[in-house]
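**Q** So here's data34.tsv (TSV, C-alpha atoms).
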chain	number	residue	atom	x	y	z
A	299	MET	CA	46.28	23.85	67.01
A	300	LYS	CA	46.29	21.07	64.42
A	301	LYS	CA	45.26	18.56	67.08
A	302	ILE	CA	42.24	20.69	68.00
A	303	TYR	CA	41.26	20.95	64.34
A	304	ILE	CA	41.48	17.19	63.81
A	305	LEU	CA	39.55	16.38	66.99
A	306	LEU	CA	36.85	18.91	66.17
A	307	ILE	CA	36.40	17.58	62.64
A	308	SER	CA	36.29	13.98	63.89
A	309	PHE	CA	33.70	14.77	66.53
A	310	LEU	CA	31.43	16.77	64.26
A	311	MET	CA	31.69	14.24	61.44
A	312	SER	CA	30.48	11.53	63.81
A	313	PHE	CA	26.97	13.01	63.81
A	314	SER	CA	26.68	14.83	60.50
A	315	VAL	CA	23.48	13.86	58.69
A	316	SER	CA	23.54	16.47	55.96
A	317	LYS	CA	25.41	16.40	52.69
A	318	ALA	CA	24.92	20.10	52.07
A	319	GLN	CA	27.90	22.38	51.78
A	320	THR	CA	29.10	25.75	50.77
A	321	THR	CA	31.06	25.93	47.54
A	322	LEU	CA	33.16	28.78	48.92
A	323	THR	CA	36.80	28.26	49.83
A	324	THR	CA	37.34	31.69	51.39
A	325	ALA	CA	35.20	33.23	54.11
A	326	VAL	CA	32.81	36.08	53.40
A	327	ASP	CA	32.80	38.67	56.19
A	328	PHE	CA	29.61	39.39	58.09
A	329	THR	CA	28.39	41.25	61.14
A	330	VAL	CA	25.35	39.84	62.92
A	331	THR	CA	23.42	40.39	66.15
A	332	ASP	CA	22.72	37.47	68.48
A	333	LEU	CA	19.61	36.78	70.53
A	334	ASP	CA	21.08	38.75	73.46
A	335	GLY	CA	21.70	41.86	71.33
A	336	ASN	CA	25.48	41.37	71.03
A	337	THR	CA	27.13	41.96	67.65
A	338	HIS	CA	29.68	39.56	66.17
A	339	ASN	CA	31.96	40.25	63.22
A	340	LEU	CA	33.46	37.17	61.55
A	341	PHE	CA	36.75	38.76	60.48
A	342	ASN	CA	37.32	40.26	63.95
A	343	ILE	CA	36.99	36.78	65.46
A	344	LEU	CA	39.28	35.23	62.83
A	345	ASN	CA	41.83	38.04	63.25
A	346	SER	CA	42.06	37.15	66.94
A	347	GLY	CA	43.54	33.80	65.86
A	348	LYS	CA	40.49	31.62	66.39
A	349	TYR	CA	38.88	29.09	64.10
A	350	VAL	CA	35.15	29.68	63.60
A	351	CYS	CA	32.67	26.81	63.44
A	352	ILE	CA	29.29	27.82	62.02
A	353	ASP	CA	26.10	25.80	62.41
A	354	PHE	CA	23.55	26.75	59.73
A	355	PHE	CA	20.03	25.69	60.77
A	356	PHE	CA	16.34	26.56	60.80
A	357	THR	CA	13.96	25.95	63.67
A	358	THR	CA	11.57	23.43	62.10
A	359	CYS	CA	14.33	21.30	60.51
A	360	GLY	CA	14.19	17.78	61.99
A	361	PRO	CA	17.88	16.97	61.40
A	362	CYS	CA	18.80	20.37	62.89
A	363	GLN	CA	16.78	19.58	65.99
A	364	ALA	CA	18.39	16.15	66.27
A	365	THR	CA	21.99	17.37	65.93
A	366	CYS	CA	21.92	20.64	67.88
A	367	PRO	CA	22.71	18.91	71.21
A	368	TYR	CA	25.91	17.52	69.63
A	369	PHE	CA	26.93	21.00	68.48
A	370	LYS	CA	26.34	22.26	72.03
A	371	GLN	CA	28.44	19.42	73.46
A	372	THR	CA	31.24	20.16	71.00
A	373	PHE	CA	31.10	23.84	72.04
A	374	THR	CA	31.46	22.74	75.66
A	375	ASN	CA	34.27	20.28	74.87
A	376	TYR	CA	36.25	22.99	73.07
A	377	GLY	CA	36.19	25.62	75.81
A	378	CYS	CA	32.92	27.52	75.35
A	379	ASN	CA	34.44	30.08	72.94
A	380	THR	CA	37.36	30.82	75.31
A	381	GLN	CA	39.99	28.74	73.52
A	382	ASP	CA	40.96	28.18	69.87
A	383	VAL	CA	37.51	27.65	68.32
A	384	PHE	CA	34.58	30.08	68.28
A	385	PHE	CA	31.14	28.51	67.76
A	386	ILE	CA	28.17	30.37	66.32
A	387	SER	CA	24.78	29.20	65.14
A	388	VAL	CA	23.11	30.97	62.20
A	389	ASP	CA	19.40	30.55	61.47
A	390	GLN	CA	17.55	30.81	58.17
A	391	GLY	CA	14.16	32.48	58.12
A	392	ASN	CA	13.14	32.74	61.76
A	393	THR	CA	12.74	35.53	64.33
A	394	ASN	CA	14.52	35.96	67.65
A	395	ALA	CA	11.42	34.61	69.44
A	396	GLU	CA	11.33	31.49	67.27
A	397	CYS	CA	15.04	30.85	67.81
A	398	THR	CA	14.66	31.31	71.57
A	399	ALA	CA	11.79	28.79	71.58
A	400	TYR	CA	13.98	26.37	69.55
A	401	GLU	CA	16.79	26.67	72.11
A	402	THR	CA	14.37	26.11	74.98
A	403	THR	CA	12.77	23.07	73.36
A	404	TYR	CA	15.84	21.33	71.95
A	405	LEU	CA	18.70	22.59	74.15
A	406	GLY	CA	17.02	23.27	77.47
A	407	GLY	CA	17.65	27.01	77.16
A	408	SER	CA	20.48	29.13	75.83
A	409	PRO	CA	23.38	26.94	74.68
A	410	GLY	CA	26.02	29.53	75.60
A	411	TYR	CA	27.24	30.21	72.07
A	412	PRO	CA	25.78	33.04	69.98
A	413	THR	CA	22.63	32.20	68.06
A	414	ILE	CA	21.72	34.47	65.17
A	415	SER	CA	18.13	34.57	63.96
A	416	GLY	CA	17.43	34.79	60.25
A	417	THR	CA	15.15	37.77	60.14
A	418	THR	CA	16.13	39.80	63.20
A	419	GLY	CA	19.82	39.03	63.64
A	420	GLY	CA	20.98	38.98	60.01
A	421	GLY	CA	21.21	35.22	59.54
A	422	ASN	CA	19.33	35.20	56.23
A	423	ALA	CA	22.04	37.32	54.60
A	424	VAL	CA	24.80	35.02	55.92
A	425	VAL	CA	23.02	31.89	54.68
A	426	SER	CA	22.66	33.54	51.27
A	427	ALA	CA	26.28	34.75	51.16
A	428	TYR	CA	27.54	31.22	51.88
A	429	GLY	CA	25.13	29.57	49.42
A	430	ILE	CA	23.66	27.21	52.01
A	431	SER	CA	20.68	25.32	50.60
A	432	ALA	CA	20.30	22.30	52.91
A	433	PHE	CA	20.29	22.08	56.67
A	434	PRO	CA	22.02	21.53	58.96
A	435	THR	CA	25.33	22.51	57.44
A	436	TYR	CA	28.45	22.90	59.58
A	437	ILE	CA	31.54	24.67	58.26
A	438	LEU	CA	34.93	25.45	59.78
A	439	ILE	CA	36.89	28.58	58.92
A	440	ALA	CA	40.59	28.99	59.74
A	441	PRO	CA	42.10	32.23	61.06
A	442	SER	CA	43.58	32.69	57.55
A	443	LYS	CA	39.95	33.06	56.36
A	444	ALA	CA	40.17	29.80	54.38
A	445	ILE	CA	37.15	27.54	54.69
A	446	VAL	CA	38.92	24.35	55.70
A	447	GLU	CA	35.78	22.22	56.01
A	448	GLN	CA	32.88	23.03	53.71
A	449	ASP	CA	30.62	20.34	55.14
A	450	MET	CA	31.24	18.53	58.40
Mind turning the file's structure into structure tokens?
**A**
Amino acid sequence: MKKIYILLISFLMSFSVSKAQTTLTTAVDFTVTDLDGNTHNLFNILNSGKYVCIDFFFTTCGPCQATCPYFKQTFTNYGCNTQDVFFISVDQGNTNAECTAYETTYLGGSPGYPTISGTTGGGNAVVSAYGISAFPTYILIAPSKAIVEQDM
């Protein structure tokens, strides 16, 4: 488990362009709805023993557009949410349609991990709860609910 954590951090740090971070050290629970209509509850995922890696973005953010393919590749490298890390992307301020267009333009379609729009899926509330003010921001939450990386 520790090896996965170290590899994930190393990989994500290799392309991080943002210096934004959350000041939280403990996760705040949330339930959101992805672009496909599926609901996801953070604490349920953590309670299953998985780490959760969250990508905070918005659709017209240049650095977000540039780094989203790396997040998708990391998702693929770490088992597509079937192993020890669960990946989720949370948008600020956009609708499902805008997020779908973003995925099509910058990822060639759905990346496979849940994408949560800001206005329709509940992403705005998550961004606010975590105090995210610059994008992209990537955080990693341990199954213990501790935020082990506030800015990757």
**Q** Find the residues with any atom within 10 Å of (30.1, 21.4, 68.6); use only C-alpha atoms and the coordinates as given in the file, and write the answer as a list in words.
**A**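 So the residues meeting the distance criterion are Leu306, Ile307, Phe309, Leu310, Cys351, Ile352, Asp353, Thr365, Cys366, Pro367, Tyr368, Phe369, Lys370, Gln371, Thr372, Phe373, Thr374, Asn375, Tyr376, Cys378, Val383, Phe384, Phe385, Ile386, Tyr411 and Tyr436 of chain A.
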**Q** With distances taken over only C-alpha atoms, which of A:Leu405, A:Ala399, A:Lys348, A:Cys362 is nearest to Asn379 (chain A)?
**A**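 Closest to Asn379 (chain A) of all the choices is A:Lys348.
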**Q** So the first atom is CA of Ile445 (chain A) and the second is CA of Tyr428 (chain A); what is the distance between them in Å, to one decimal place?
**A**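 Between CA of Ile445 (chain A) and CA of Tyr428 (chain A) the gap works out to 10.7 Å.
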**Q** With all atoms listed in the file counted, which protein, DNA or RNA residues have an atom no more than 8 Å from (18.5, 28.2, 63.7) in the file frame? Please answer as a list in words.
**A**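 Every polymer residue passing the test: Phe354, Phe355, Phe356, Thr357, Cys362, Ser387, Val388, Asp389, Gln390, Asn392, Cys397, Tyr400, Thr413, Ile414, Ser415 and Gly416 of chain A.
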**Q** Mind pulling up the distance from CA of Ser408 (chain A) to CA of Pro441 (chain A)?
**A**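 The value is 26.4 Å.
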**Q** Hey, could you pull the box centre and edge lengths for region 383-401 of chain A, axis-aligned, 8 Å padding per side, all listed atoms, to one decimal in Å, as JSON?
**A**
{"center_x": 24.4, "center_y": 31.2, "center_z": 65.1, "size_x": 42.2, "size_y": 25.6, "size_z": 30.0}
**Q** For Asp332 (chain A), please output as a PDB file with C-alpha atoms, keeping the file's coordinate frame all residues within 9 Å (counting all atoms listed in the file; exclusion window: fewer than 4 positions along the same chain).
**A**
ATOM      1  CA  ASN A 336      25.480  41.370  71.030  1.00  0.00           C
ATOM      2  CA  THR A 337      27.130  41.960  67.650  1.00  0.00           C
ATOM      3  CA  HIS A 338      29.680  39.560  66.170  1.00  0.00           C
ATOM      4  CA  ASN A 394      14.520  35.960  67.650  1.00  0.00           C
ATOM      5  CA  PRO A 412      25.780  33.040  69.980  1.00  0.00           C
ATOM      6  CA  THR A 413      22.630  32.200  68.060  1.00  0.00           C
ATOM      7  CA  ILE A 414      21.720  34.470  65.170  1.00  0.00           C
ATOM      8  CA  SER A 415      18.130  34.570  63.960  1.00  0.00           C
ATOM      9  CA  THR A 418      16.130  39.800  63.200  1.00  0.00           C
ATOM     10  CA  GLY A 419      19.820  39.030  63.640  1.00  0.00           C
ATOM     11  CA  GLY A 420      20.980  38.980  60.010  1.00  0.00           C
TER      12      GLY A 420
END
**Q** Tell me, in Å to one decimal, how far CA of Phe328 (chain A) is from CA of Gly406 (chain A).
**A**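 Computing it gives 28.2 Å between the two atoms.
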**Q** I need the residue nearest Asp382 (chain A) from this list: A:Asp327, A:Asn345, A:Thr320, A:Cys359. Use only C-alpha atoms for the distance.
**A**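 Counting only C-alpha atoms, the residue closest to Asp382 (chain A) is A:Asn345.
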**Q** Please determine, counting all atoms listed in the file, which residue among A:Asp449, A:Ala325, A:Thr398, A:Asn422 has the shortest atom-to-atom distance to Val350 (chain A).
**A**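 Under the stated criterion, the closest residue is A:Ala325.
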**Q** With distances taken over all atoms listed in the file, which of A:Val446, A:Pro409, A:Pro434, A:Thr321 is nearest to Pro361 (chain A)?
**A**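 Selected residue with least distance to Pro361 (chain A): A:Pro434.
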**Q** Tell me which of A:Ala364, A:Ile430, A:Thr417, A:Val326 sits closest to Leu344 (chain A), counting all atoms listed in the file.
**A**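 When distances to Leu344 (chain A) are compared using all atoms listed in the file, the smallest one comes from A:Val326.
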